[in-house]
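Source file: start-v6.pdb. Holds: PDB, C-alpha atoms.
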ATOM      1  CA  MET A   1       9.638  16.375 -17.402
ATOM      2  CA  ARG A   2       6.470  17.503 -15.627
ATOM      3  CA  PHE A   3       3.509  15.221 -15.039
ATOM      4  CA  LEU A   4       0.322  17.172 -14.392
ATOM      5  CA  LEU A   5      -2.990  15.526 -13.616
ATOM      6  CA  ASP A   6      -5.906  16.565 -15.776
ATOM      7  CA  ASP A   7      -9.116  18.040 -14.362
ATOM      8  CA  GLU A   8     -10.868  14.688 -14.161
ATOM      9  CA  GLN A   9      -7.984  13.064 -12.298
ATOM     10  CA  ARG A  10      -7.746  15.961  -9.861
ATOM     11  CA  ALA A  11     -11.488  15.781  -9.238
ATOM     12  CA  PHE A  12     -11.150  12.053  -8.576
ATOM     13  CA  ALA A  13      -8.405  12.704  -6.029
ATOM     14  CA  HIS A  14     -10.462  15.425  -4.316
ATOM     15  CA  SER A  15     -13.526  13.186  -4.101
ATOM     16  CA  LEU A  16     -11.503  10.400  -2.513
ATOM     17  CA  ASP A  17      -9.936  12.863  -0.085
ATOM     18  CA  ALA A  18     -13.384  14.080   0.973
ATOM     19  CA  LEU A  19     -14.685  10.519   1.337
ATOM     20  CA  LEU A  20     -11.739   9.410   3.484
ATOM     21  CA  THR A  21     -11.686  12.578   5.592
ATOM     22  CA  ALA A  22     -15.321  11.995   6.512
ATOM     23  CA  ALA A  23     -14.574   8.352   7.396
ATOM     24  CA  ASP A  24     -12.275   9.172  10.362
ATOM     25  CA  THR A  25      -9.654   6.717   9.153
ATOM     26  CA  PRO A  26      -7.492   6.797  12.327
ATOM     27  CA  SER A  27     -10.279   5.073  14.255
ATOM     28  CA  VAL A  28     -10.738   2.597  11.389
ATOM     29  CA  VAL A  29      -7.013   1.795  11.445
ATOM     30  CA  ARG A  30      -7.016   1.178  15.187
ATOM     31  CA  SER A  31     -10.043  -1.108  14.968
ATOM     32  CA  TRP A  32      -8.474  -3.030  12.087
ATOM     33  CA  GLY A  33      -5.252  -3.486  14.027
ATOM     34  CA  ALA A  34      -7.239  -4.866  16.953
ATOM     35  CA  GLY A  35      -8.865  -7.457  14.684
ATOM     36  CA  ASP A  36     -12.244  -5.749  14.302
ATOM     37  CA  HIS A  37     -12.866  -5.417  10.561
ATOM     38  CA  THR A  38     -16.402  -4.004  10.715
ATOM     39  CA  ALA A  39     -15.517  -0.351  10.125
ATOM     40  CA  GLY A  40     -12.769  -1.313   7.691
ATOM     41  CA  ARG A  41     -15.121  -3.386   5.542
ATOM     42  CA  ALA A  42     -17.656  -0.550   5.470
ATOM     43  CA  LEU A  43     -14.934   1.844   4.317
ATOM     44  CA  TRP A  44     -13.751  -0.757   1.789
ATOM     45  CA  SER A  45     -17.235  -0.780   0.249
ATOM     46  CA  ARG A  46     -17.268   2.995  -0.073
ATOM     47  CA  ILE A  47     -13.831   2.950  -1.713
ATOM     48  CA  ALA A  48     -15.082   0.288  -4.130
ATOM     49  CA  ASP A  49     -18.179   2.374  -4.906
ATOM     50  CA  ALA A  50     -15.823   5.222  -5.815
ATOM     51  CA  GLY A  51     -14.359   2.929  -8.481
ATOM     52  CA  VAL A  52     -10.872   2.379  -7.044
ATOM     53  CA  PHE A  53     -10.680  -1.402  -7.419
ATOM     54  CA  ALA A  54     -12.324  -1.309 -10.849
ATOM     55  CA  LEU A  55      -9.283   0.623 -12.115
ATOM     56  CA  ALA A  56      -7.265  -2.613 -12.238
ATOM     57  CA  VAL A  57     -10.000  -4.706 -13.880
ATOM     58  CA  PRO A  58     -10.740  -4.719 -17.653
ATOM     59  CA  GLU A  59     -14.090  -3.418 -18.854
ATOM     60  CA  ALA A  60     -15.026  -6.890 -20.092
ATOM     61  CA  TYR A  61     -15.216  -8.018 -16.442
ATOM     62  CA  GLU A  62     -17.135  -5.062 -14.968
ATOM     63  CA  GLY A  63     -14.089  -2.885 -14.429
ATOM     64  CA  VAL A  64     -12.969   0.358 -16.062
ATOM     65  CA  GLY A  65      -9.296  -0.432 -16.586
ATOM     66  CA  PRO A  66      -6.579  -1.190 -16.551
ATOM     67  CA  LEU A  67      -5.800   2.451 -15.729
ATOM     68  CA  PRO A  68      -2.474   2.577 -13.837
ATOM     69  CA  VAL A  69      -2.235   6.383 -13.726
ATOM     70  CA  GLU A  70      -5.656   6.733 -12.129
ATOM     71  CA  LEU A  71      -4.801   3.864  -9.795
ATOM     72  CA  ALA A  72      -1.680   5.746  -8.688
ATOM     73  CA  VAL A  73      -3.815   8.844  -8.071
ATOM     74  CA  ALA A  74      -6.167   6.792  -5.899
ATOM     75  CA  PHE A  75      -3.421   5.098  -3.899
ATOM     76  CA  VAL A  76      -1.743   8.400  -3.080
ATOM     77  CA  GLU A  77      -5.010   9.373  -1.373
ATOM     78  CA  LEU A  78      -5.328   5.985   0.344
ATOM     79  CA  GLY A  79      -1.812   6.471   1.696
ATOM     80  CA  ARG A  80      -2.514  10.029   2.778
ATOM     81  CA  HIS A  81      -5.328   8.699   4.963
ATOM     82  CA  ALA A  82      -3.519   5.494   6.083
ATOM     83  CA  VAL A  83      -6.397   3.256   4.931
ATOM     84  CA  PRO A  84      -5.812  -0.308   6.202
ATOM     85  CA  GLY A  85      -6.325  -3.636   4.468
ATOM     86  CA  PRO A  86      -4.887  -5.597   1.527
ATOM     87  CA  LEU A  87      -5.507  -2.769  -0.929
ATOM     88  CA  VAL A  88      -2.353  -3.392  -2.938
ATOM     89  CA  GLU A  89      -3.013  -7.124  -3.115
ATOM     90  CA  THR A  90      -6.570  -6.614  -4.355
ATOM     91  CA  VAL A  91      -5.443  -4.478  -7.306
ATOM     92  CA  ALA A  92      -2.494  -6.796  -8.057
ATOM     93  CA  ALA A  93      -4.674  -9.935  -8.100
ATOM     94  CA  PRO A  94      -6.305  -9.229 -11.505
ATOM     95  CA  ALA A  95      -2.887  -9.555 -13.148
ATOM     96  CA  LEU A  96      -2.814 -13.168 -11.942
ATOM     97  CA  LEU A  97      -6.326 -13.934 -13.189
ATOM     98  CA  THR A  98      -6.129 -13.090 -16.879
ATOM     99  CA  GLU A  99      -7.204 -16.507 -18.202
ATOM    100  CA  PRO A 100     -10.812 -15.999 -19.394
ATOM    101  CA  GLY A 101     -12.351 -18.601 -17.111
ATOM    102  CA  LEU A 102     -10.589 -17.228 -14.042
ATOM    103  CA  ALA A 103     -11.268 -13.635 -15.018
ATOM    104  CA  LYS A 104     -14.987 -14.297 -15.389
ATOM    105  CA  ARG A 105     -15.032 -16.123 -12.066
ATOM    106  CA  PHE A 106     -13.112 -13.651  -9.902
ATOM    107  CA  LEU A 107     -12.676 -10.215 -11.489
ATOM    108  CA  PRO A 108     -16.236  -8.866 -11.140
ATOM    109  CA  GLY A 109     -16.072  -9.447  -7.382
ATOM    110  CA  LEU A 110     -12.708  -7.702  -7.142
ATOM    111  CA  ALA A 111     -13.976  -4.719  -9.149
ATOM    112  CA  SER A 112     -17.105  -4.321  -7.017
ATOM    113  CA  GLY A 113     -15.285  -4.669  -3.699
ATOM    114  CA  GLU A 114     -17.232  -7.777  -2.722
ATOM    115  CA  THR A 115     -14.000  -9.785  -2.897
ATOM    116  CA  ILE A 116     -10.983  -8.825  -0.796
ATOM    117  CA  ALA A 117      -7.841 -10.508  -2.089
ATOM    118  CA  THR A 118      -4.485 -11.280  -0.582
ATOM    119  CA  VAL A 119      -1.540 -12.691  -2.506
ATOM    120  CA  ALA A 120       1.615 -14.610  -1.615
ATOM    121  CA  LEU A 121       4.401 -15.059  -4.163
ATOM    122  CA  ASN A 122       6.784 -17.979  -3.663
ATOM    123  CA  GLY A 123       6.203 -18.460   0.027
ATOM    124  CA  SER A 124       6.164 -14.797   0.996
ATOM    125  CA  TYR A 125       3.923 -13.621   3.795
ATOM    126  CA  ALA A 126       0.453 -12.514   2.721
ATOM    127  CA  LEU A 127      -1.210  -9.443   4.167
ATOM    128  CA  ASP A 128      -4.383  -9.693   6.272
ATOM    129  CA  GLY A 129      -5.253 -13.296   5.537
ATOM    130  CA  ASP A 130      -7.997 -13.172   8.164
ATOM    131  CA  ALA A 131      -9.750 -10.269   6.417
ATOM    132  CA  ALA A 132      -9.370 -11.486   2.837
ATOM    133  CA  THR A 133     -11.991 -13.598   1.087
ATOM    134  CA  LEU A 134      -9.711 -14.648  -1.795
ATOM    135  CA  HIS A 135      -6.292 -16.135  -1.003
ATOM    136  CA  LEU A 136      -3.961 -16.589  -3.964
ATOM    137  CA  ALA A 137      -0.595 -18.320  -3.784
ATOM    138  CA  VAL A 138       1.986 -18.549  -6.561
ATOM    139  CA  GLU A 139       4.719 -21.166  -6.304
ATOM    140  CA  GLY A 140       7.593 -21.746  -8.702
ATOM    141  CA  GLY A 141       9.056 -19.393 -11.236
ATOM    142  CA  GLU A 142      11.815 -18.873 -13.753
ATOM    143  CA  ASP A 143      13.993 -21.655 -12.379
ATOM    144  CA  ASP A 144      11.245 -24.244 -12.796
ATOM    145  CA  GLU A 145      11.115 -25.820 -16.245
ATOM    146  CA  GLY A 146       7.356 -26.201 -16.075
ATOM    147  CA  GLY A 147       6.718 -22.669 -14.880
ATOM    148  CA  GLY A 148       4.752 -21.674 -11.811
ATOM    149  CA  GLU A 149       1.503 -22.725 -10.186
ATOM    150  CA  LEU A 150      -1.364 -20.483  -9.106
ATOM    151  CA  ARG A 151      -3.559 -21.950  -6.399
ATOM    152  CA  LEU A 152      -6.391 -20.963  -4.113
ATOM    153  CA  ALA A 153      -4.601 -21.039  -0.788
ATOM    154  CA  GLN A 154      -5.964 -22.082   2.570
ATOM    155  CA  TRP A 155      -6.188 -19.700   5.515
ATOM    156  CA  HIS A 156      -6.367 -21.495   8.840
ATOM    157  CA  GLY A 157      -4.924 -19.040  11.335
ATOM    158  CA  HIS A 158      -6.223 -16.152  13.290
ATOM    159  CA  GLY A 159      -4.268 -13.800  15.468
ATOM    160  CA  HIS A 160      -4.722 -10.092  15.507
ATOM    161  CA  GLY A 161      -1.662  -8.087  16.356
ATOM    162  CA  GLN A 162       1.059  -8.309  18.944
ATOM    163  CA  GLY A 163       0.549 -10.408  22.017
ATOM    164  CA  GLN A 164      -2.276 -12.514  20.572
ATOM    165  CA  ARG A 165      -2.048 -16.145  19.596
ATOM    166  CA  GLN A 166      -3.157 -17.991  16.504
ATOM    167  CA  GLU A 167      -4.544 -21.508  16.587
ATOM    168  CA  HIS A 168      -3.196 -22.603  13.213
ATOM    169  CA  GLY A 169      -0.578 -21.190  10.898
ATOM    170  CA  PRO A 170       2.062 -18.544  11.685
ATOM    171  CA  VAL A 171       1.014 -14.894  11.931
ATOM    172  CA  ARG A 172       3.497 -12.052  12.126
ATOM    173  CA  THR A 173       2.900  -8.468  13.136
ATOM    174  CA  SER A 174       4.793  -5.975  10.996
ATOM    175  CA  MET A 175       6.032  -2.553  12.080
ATOM    176  CA  ASP A 176       2.496  -1.367  11.286
ATOM    177  CA  PRO A 177       0.075  -2.963  13.802
ATOM    178  CA  ALA A 178      -2.681  -2.772  11.182
ATOM    179  CA  ARG A 179      -0.678  -5.027   8.827
ATOM    180  CA  ARG A 180      -0.852  -8.678   9.906
ATOM    181  CA  LEU A 181       1.323 -10.975   7.828
ATOM    182  CA  THR A 182       0.297 -14.577   7.337
ATOM    183  CA  ARG A 183       1.676 -17.735   5.758
ATOM    184  CA  LEU A 184      -0.794 -19.161   3.249
ATOM    185  CA  GLN A 185      -1.003 -22.914   2.704
ATOM    186  CA  GLY A 186      -1.118 -23.468  -1.053
ATOM    187  CA  ASP A 187      -0.614 -27.227  -0.912
ATOM    188  CA  GLY A 188      -3.905 -28.970  -1.491
ATOM    189  CA  GLY A 189      -5.686 -25.834  -2.609
ATOM    190  CA  GLU A 190      -7.478 -25.690  -5.943
ATOM    191  CA  LEU A 191      -5.039 -25.408  -8.845
ATOM    192  CA  LEU A 192      -6.150 -22.429 -10.921
ATOM    193  CA  ALA A 193      -3.373 -22.325 -13.509
ATOM    194  CA  ALA A 194       0.077 -23.773 -14.180
ATOM    195  CA  GLY A 195       2.879 -23.193 -16.639
ATOM    196  CA  PRO A 196       5.144 -20.396 -17.889
ATOM    197  CA  GLN A 197       2.150 -18.062 -18.186
ATOM    198  CA  VAL A 198       1.798 -18.116 -14.385
ATOM    199  CA  THR A 199       5.403 -16.965 -14.000
ATOM    200  CA  ALA A 200       4.775 -14.116 -16.444
ATOM    201  CA  ALA A 201       1.529 -13.180 -14.697
ATOM    202  CA  ALA A 202       3.261 -13.152 -11.299
ATOM    203  CA  ALA A 203       5.900 -10.746 -12.634
ATOM    204  CA  HIS A 204       3.126  -8.497 -13.963
ATOM    205  CA  ALA A 205       1.265  -8.646 -10.645
ATOM    206  CA  LEU A 206       4.484  -7.672  -8.854
ATOM    207  CA  THR A 207       4.779  -4.597 -11.069
ATOM    208  CA  TRP A 208       1.217  -3.540 -10.225
ATOM    209  CA  ALA A 209       1.838  -4.169  -6.529
ATOM    210  CA  ARG A 210       4.993  -2.072  -6.542
ATOM    211  CA  LEU A 211       3.256   0.789  -8.342
ATOM    212  CA  ALA A 212       0.408   0.826  -5.808
ATOM    213  CA  THR A 213       2.867   0.578  -2.902
ATOM    214  CA  ALA A 214       4.908   3.477  -4.260
ATOM    215  CA  ALA A 215       1.799   5.631  -4.565
ATOM    216  CA  GLN A 216       0.664   4.657  -1.089
ATOM    217  CA  ALA A 217       4.090   5.540   0.323
ATOM    218  CA  LEU A 218       4.057   8.924  -1.388
ATOM    219  CA  GLY A 219       0.689   9.672   0.208
ATOM    220  CA  VAL A 220       1.965   8.597   3.618
ATOM    221  CA  GLY A 221       4.964  10.892   3.249
ATOM    222  CA  LEU A 222       2.805  13.850   2.216
ATOM    223  CA  THR A 223       0.638  13.507   5.317
ATOM    224  CA  LEU A 224       3.667  13.149   7.584
ATOM    225  CA  LEU A 225       5.093  16.341   6.108
ATOM    226  CA  ASP A 226       1.823  18.277   6.391
ATOM    227  CA  ARG A 227       1.270  17.230   9.998
ATOM    228  CA  THR A 228       4.847  18.050  10.964
ATOM    229  CA  VAL A 229       4.751  21.492   9.348
ATOM    230  CA  ALA A 230       1.553  22.253  11.286
ATOM    231  CA  TYR A 231       3.134  20.978  14.514
ATOM    232  CA  VAL A 232       6.346  23.047  14.307
ATOM    233  CA  LYS A 233       4.249  26.168  13.795
ATOM    234  CA  GLN A 234       2.533  25.525  17.134
ATOM    235  CA  ARG A 235       5.297  24.138  19.339
ATOM    236  CA  SER A 236       7.462  26.838  20.907
ATOM    237  CA  GLN A 237      10.920  26.970  22.457
ATOM    238  CA  PHE A 238      12.658  30.073  23.787
ATOM    239  CA  GLY A 239       9.419  31.931  23.184
ATOM    240  CA  VAL A 240       9.219  31.317  19.425
ATOM    241  CA  PRO A 241       7.783  28.505  17.243
ATOM    242  CA  ILE A 242      10.406  25.857  16.508
ATOM    243  CA  GLY A 243       9.423  26.125  12.858
ATOM    244  CA  SER A 244      11.302  29.421  12.750
ATOM    245  CA  PHE A 245      14.620  27.675  13.450
ATOM    246  CA  GLN A 246      16.831  27.310  10.405
ATOM    247  CA  ALA A 247      17.755  23.693  11.187
ATOM    248  CA  VAL A 248      14.069  22.718  11.336
ATOM    249  CA  LYS A 249      13.376  24.482   8.042
ATOM    250  CA  HIS A 250      16.231  22.618   6.382
ATOM    251  CA  ARG A 251      14.976  19.205   7.556
ATOM    252  CA  LEU A 252      11.483  19.910   6.286
ATOM    253  CA  ALA A 253      12.784  21.296   3.002
ATOM    254  CA  ASP A 254      14.814  18.113   2.449
ATOM    255  CA  ALA A 255      11.711  15.992   3.061
ATOM    256  CA  LYS A 256       9.659  18.162   0.692
ATOM    257  CA  VAL A 257      12.257  17.878  -2.069
ATOM    258  CA  ALA A 258      12.472  14.099  -1.683
ATOM    259  CA  LEU A 259       8.705  13.685  -1.950
ATOM    260  CA  GLU A 260       8.400  16.038  -4.910
ATOM    261  CA  PHE A 261      11.192  14.181  -6.700
ATOM    262  CA  ALA A 262       9.310  10.912  -6.185
ATOM    263  CA  ARG A 263       6.065  12.230  -7.671
ATOM    264  CA  PRO A 264       7.129  12.435 -11.371
ATOM    265  CA  LEU A 265       8.891   9.078 -11.088
ATOM    266  CA  LEU A 266       5.646   7.557  -9.826
ATOM    267  CA  PHE A 267       3.443   8.930 -12.595
ATOM    268  CA  GLY A 268       6.101   8.339 -15.230
ATOM    269  CA  ALA A 269       6.226   4.697 -14.165
ATOM    270  CA  ALA A 270       2.422   4.515 -14.275
ATOM    271  CA  LEU A 271       2.554   5.659 -17.893
ATOM    272  CA  THR A 272       5.135   3.081 -18.994
ATOM    273  CA  MET A 273       4.439   0.217 -16.537
ATOM    274  CA  ASP A 274       7.998  -0.879 -17.238
ATOM    275  CA  PRO A 275       9.188  -3.046 -14.308
ATOM    276  CA  ALA A 276      12.435  -1.082 -13.963
ATOM    277  CA  ASP A 277      10.604   2.271 -14.001
ATOM    278  CA  VAL A 278       8.165   1.010 -11.377
ATOM    279  CA  ALA A 279      10.988  -0.341  -9.214
ATOM    280  CA  ALA A 280      12.723   3.046  -9.401
ATOM    281  CA  ALA A 281       9.493   4.795  -8.412
ATOM    282  CA  LYS A 282       8.955   2.423  -5.510
ATOM    283  CA  VAL A 283      12.407   2.773  -4.014
ATOM    284  CA  THR A 284      12.334   6.570  -4.436
ATOM    285  CA  ALA A 285       8.851   7.066  -2.986
ATOM    286  CA  CYS A 286       9.368   4.641  -0.117
ATOM    287  CA  GLU A 287      12.755   6.119   0.820
ATOM    288  CA  ALA A 288      11.279   9.619   0.663
ATOM    289  CA  ALA A 289       8.412   8.578   2.938
ATOM    290  CA  TYR A 290      10.830   6.868   5.333
ATOM    291  CA  THR A 291      13.088   9.954   5.432
ATOM    292  CA  THR A 292      10.059  12.139   6.094
ATOM    293  CA  ALA A 293       8.949   9.781   8.867
ATOM    294  CA  ARG A 294      12.339  10.083  10.588
ATOM    295  CA  THR A 295      12.154  13.859  10.325
ATOM    296  CA  ALA A 296       8.586  13.905  11.636
ATOM    297  CA  LEU A 297       9.522  11.763  14.620
ATOM    298  CA  GLN A 298      12.557  13.878  15.478
ATOM    299  CA  LEU A 299      10.640  17.146  15.295
ATOM    300  CA  HIS A 300       7.665  15.832  17.274
ATOM    301  CA  GLY A 301       9.795  14.195  19.937
ATOM    302  CA  ALA A 302       8.642  11.137  21.867
ATOM    303  CA  ILE A 303       4.965  12.030  21.525
ATOM    304  CA  GLY A 304       5.136  11.240  17.815
ATOM    305  CA  TYR A 305       5.609   7.521  18.374
ATOM    306  CA  THR A 306       3.032   6.980  21.110
ATOM    307  CA  ALA A 307       0.156   4.762  20.019
ATOM    308  CA  GLU A 308      -2.398   7.321  21.213
ATOM    309  CA  TYR A 309      -1.040  10.004  18.890
ATOM    310  CA  ASP A 310      -2.383   9.736  15.348
ATOM    311  CA  LEU A 311       0.996  10.483  13.761
ATOM    312  CA  SER A 312       2.182   7.007  14.771
ATOM    313  CA  LEU A 313      -0.261   5.448  12.290
ATOM    314  CA  TRP A 314       1.650   7.024   9.411
ATOM    315  CA  LEU A 315       5.109   6.561  10.958
ATOM    316  CA  THR A 316       4.696   2.798  11.230
ATOM    317  CA  LYS A 317       3.140   2.529   7.771
ATOM    318  CA  ALA A 318       6.069   4.359   6.171
ATOM    319  CA  ARG A 319       8.448   1.830   7.696
ATOM    320  CA  ALA A 320       6.349  -1.170   6.665
ATOM    321  CA  LEU A 321       5.845  -0.033   3.060
ATOM    322  CA  ARG A 322       9.586   0.460   2.629
ATOM    323  CA  THR A 323      10.125  -3.297   2.345
ATOM    324  CA  ALA A 324       6.692  -4.406   1.109
ATOM    325  CA  TRP A 325       6.771  -5.990  -2.368
ATOM    326  CA  GLY A 326      10.515  -5.555  -2.691
ATOM    327  CA  THR A 327      13.223  -4.148  -0.462
ATOM    328  CA  PRO A 328      15.154  -1.049  -1.534
ATOM    329  CA  GLY A 329      18.067  -3.306  -2.454
ATOM    330  CA  GLU A 330      15.913  -5.573  -4.626
ATOM    331  CA  CYS A 331      14.369  -2.627  -6.454
ATOM    332  CA  ARG A 332      17.755  -0.985  -7.037
ATOM    333  CA  GLU A 333      19.130  -4.256  -8.384
ATOM    334  CA  LEU A 334      16.302  -4.460 -10.915
ATOM    335  CA  VAL A 335      16.934  -0.878 -12.044
ATOM    336  CA  LEU A 336      20.654  -1.550 -12.452
ATOM    337  CA  ARG A 337      19.989  -4.690 -14.495
TER     338      ARG A 337
END
Using structure tokens, write down the structure that the file contains.
Amino acid sequence: MRFLLDDEQRAFAHSLDALLTAADTPSVVRSWGAGDHTAGRALWSRIADAGVFALAVPEAYEGVGPLPVELAVAFVELGRHAVPGPLVETVAAPALLTEPGLAKRFLPGLASGETIATVALNGSYALDGDAATLHLAVEGGEDDEGGGELRLAQWHGHGHGQGQRQEHGPVRTSMDPARRLTRLQGDGGELLAAGPQVTAAAAHALTWARLATAAQALGVGLTLLDRTVAYVKQRSQFGVPIGSFQAVKHRLADAKVALEFARPLLFGAALTMDPADVAAAKVTACEAAYTTARTALQLHGAIGYTAEYDLSLWLTKARALRTAWGTPGECRELVLR
């Protein structure tokens, strides 16, 4: 089955590509990883103005959604440009805030980009707690007779990247220096909702998060492939470009096939929003991006992984997204069930 974007969706993707190309995202990523969010917040506002976050918010609360296909289109572009920040968490948060009072309170800010959300499910690490303005924590689930609890969590720590300390609360640096993982303290925070409906909402939020992560990973893989193809055309050995070697062509062809196989799974999952379909799309897209990252690193040599070389921004993101919001094993288990 072929999934082709319509003219409006393609125009949306092109407009986002132009916006992000003009923003010089590599410099934004490096600043974000160093703990300076100024450029990242400015870019966040421009992304919000383009309507990206509104895609996950119903029209009744100043959004235009939910539109999962368009959201997947947008996140492919965000991945292609390695945009930092809790993007996935911000579009997953509306699924947790469906109760009318909560929706009215929080969703307009999420749609407009004024609110940056991060989410922790059952004690997991939350992304970029220091940059987020809304911290949501879900505790409890199917094994709890009373269901789960959704709370406004407390963020007390600060520590930006490797080698820096935090005064309160543990902070971990992931493989991607621009992704700082934080423990949120839900105890004592405002209780927003409780009961079986919270468990159901958390499962729905996880599906949205996995869809956005899959799209982001596909975009990361596409950029890694494009940059590597350009590089092997320029780098020469024995007087000829290494891209002319059959072994190099085969590695790049394998990466291309893997990414193209992931694309219809991604958009098919966006159409159904079935948790198993989304899990399949996530594991396929993330594994394709990871395979492409390994190929890109091998064909670039050591220069590819140096922090000064822009390719490293996508290499580390491909590795981090592989396990974000569900490891390959967890996603495969869901598909098999």
Excluding range 77-84 of chain A and any residue of its chain fewer than 2 positions from it, enumerate the residues within 8 Å of it, using all atoms listed in the file, and give them as a PDB file with C-alpha atoms, keeping the file's coordinate frame.
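Saved result, part_23.pdb, follows:
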ATOM      1  CA  ALA A  13      -8.405  12.704  -6.029  1.00  0.00           C
ATOM      2  CA  LEU A  16     -11.503  10.400  -2.513  1.00  0.00           C
ATOM      3  CA  ASP A  17      -9.936  12.863  -0.085  1.00  0.00           C
ATOM      4  CA  LEU A  20     -11.739   9.410   3.484  1.00  0.00           C
ATOM      5  CA  THR A  21     -11.686  12.578   5.592  1.00  0.00           C
ATOM      6  CA  THR A  25      -9.654   6.717   9.153  1.00  0.00           C
ATOM      7  CA  PRO A  26      -7.492   6.797  12.327  1.00  0.00           C
ATOM      8  CA  VAL A  28     -10.738   2.597  11.389  1.00  0.00           C
ATOM      9  CA  VAL A  29      -7.013   1.795  11.445  1.00  0.00           C
ATOM     10  CA  TRP A  32      -8.474  -3.030  12.087  1.00  0.00           C
ATOM     11  CA  GLY A  40     -12.769  -1.313   7.691  1.00  0.00           C
ATOM     12  CA  VAL A  73      -3.815   8.844  -8.071  1.00  0.00           C
ATOM     13  CA  ALA A  74      -6.167   6.792  -5.899  1.00  0.00           C
ATOM     14  CA  PHE A  75      -3.421   5.098  -3.899  1.00  0.00           C
ATOM     15  CA  PRO A  86      -4.887  -5.597   1.527  1.00  0.00           C
ATOM     16  CA  LEU A  87      -5.507  -2.769  -0.929  1.00  0.00           C
ATOM     17  CA  ALA A 178      -2.681  -2.772  11.182  1.00  0.00           C
ATOM     18  CA  ARG A 179      -0.678  -5.027   8.827  1.00  0.00           C
ATOM     19  CA  ALA A 215       1.799   5.631  -4.565  1.00  0.00           C
ATOM     20  CA  GLN A 216       0.664   4.657  -1.089  1.00  0.00           C
ATOM     21  CA  ALA A 217       4.090   5.540   0.323  1.00  0.00           C
ATOM     22  CA  LEU A 218       4.057   8.924  -1.388  1.00  0.00           C
ATOM     23  CA  GLY A 219       0.689   9.672   0.208  1.00  0.00           C
ATOM     24  CA  VAL A 220       1.965   8.597   3.618  1.00  0.00           C
ATOM     25  CA  GLY A 221       4.964  10.892   3.249  1.00  0.00           C
ATOM     26  CA  LEU A 222       2.805  13.850   2.216  1.00  0.00           C
ATOM     27  CA  THR A 223       0.638  13.507   5.317  1.00  0.00           C
ATOM     28  CA  LEU A 313      -0.261   5.448  12.290  1.00  0.00           C
ATOM     29  CA  TRP A 314       1.650   7.024   9.411  1.00  0.00           C
ATOM     30  CA  LYS A 317       3.140   2.529   7.771  1.00  0.00           C
TER      31      LYS A 317
END
Inset, instruction - Check the smallest atom-to-atom distance from each of A:Pro94, A:Ser112, A:Thr182, A:Asp274 to Gly129 in chain A using all atoms listed in the file, then report the winner. - result: A:Thr182
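Within 12 Å of Asp176 in chain A, once only C-alpha atoms are used and residues closer than 6 positions along the same chain are dropped, the contacting residues are Val29, Arg30, Trp32, Gly33, Ala34, Ala82, Val83, Pro84, Gly85, Leu127, Asp128, Gly161, Gln162, Tyr305, Ala307, Ser312, Leu313, Trp314, Leu315, Thr316, Lys317, Ala318, Arg319, Ala320, Leu321, Arg322, Thr323 and Ala324 of chain A.
Near His204 in chain A, within 12 Å and counting only C-alpha atoms, sit Val91, Ala92, Ala93, Pro94, Ala95, Leu96, Leu97, Thr98, Leu121, Gln197, Val198, Thr199, Ala200, Trp208, Ala209, Arg210, Leu211, Met273, Asp274, Pro275, Ala276 and Val278 of chain A; same-chain residues fewer than 4 positions away were not included.
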Legend entry - Residue nearest Ser174 in chain A among A:Ala11, A:Ala131, A:Ala126, A:Ala288 (counting all atoms listed in the file): A:Ala126
Inset, instruction - Quick one: apply the PyMOL selection byres ((chain A and resi 262) around 9) to the file and drop the selected residues here as an MDAnalysis selection string. - result: chainID A and resid 214 218 257:261 263:267 281:286 288
Inset, instruction - To verify the selection step, state as a list in words which residues the PyMOL selection byres ((chain A and resi 193) around 10) yields on this input. - result: Leu96, Leu97, Glu99, Leu102, Val138, Gly148, Glu149, Leu150, Arg151, Leu152, Glu190, Leu191, Leu192, Ala194, Gly195, Pro196, Gln197 and Val198 of chain A
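Atom pair CA of Thr213 in chain A / CA of Leu67 in chain A: separated by 15.6 Å.
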Inset, instruction - Identify, on the basis of all atoms listed in the file, every residue whose closest approach to Leu184 in chain A does not exceed 9 Å; exclude the query and any residue fewer than 4 positions from it along the same chain; express the result as a list in words. - result: Val119, Ala120, Gly123, Ser124, Tyr125, Ala126, Gly129, His135, Leu136, Ala137, Ala153, Gln154, Trp155, His156, Gly169 and Pro170 of chain A
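Take CA of Pro100 in chain A and CA of Ala269 in chain A: the distance between them is 27.3 Å.
Across the model, the gap from CA of Ile116 in chain A to CA of Ala132 in chain A is 4.8 Å.
Among the candidate residues A:Arg332, A:Lys256, A:His300, A:Arg180, the one lying nearest to Lys233 in chain A is A:His300, with distances computed using all atoms listed in the file.
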Expanded to explicit residues, what is the PyMOL selection byres ((chain A and resi 230-232) around 9) for this file, as a compact mmCIF listing (two decimals) with C-alpha atoms, in the coordinates of the input?
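The file below, result_2.txt, is the result:
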# COMPACT_ATOMS: atom_id res chain seq x y z
CA LEU A 225 5.09 16.34 6.11
CA ASP A 226 1.82 18.28 6.39
CA ARG A 227 1.27 17.23 10.00
CA THR A 228 4.85 18.05 10.96
CA VAL A 229 4.75 21.49 9.35
CA LYS A 233 4.25 26.17 13.80
CA GLN A 234 2.53 25.52 17.13
CA ARG A 235 5.30 24.14 19.34
CA SER A 236 7.46 26.84 20.91
CA PRO A 241 7.78 28.50 17.24
CA ILE A 242 10.41 25.86 16.51
CA GLY A 243 9.42 26.12 12.86
CA SER A 244 11.30 29.42 12.75
CA VAL A 248 14.07 22.72 11.34
CA LEU A 299 10.64 17.15 15.30
CA HIS A 300 7.66 15.83 17.27
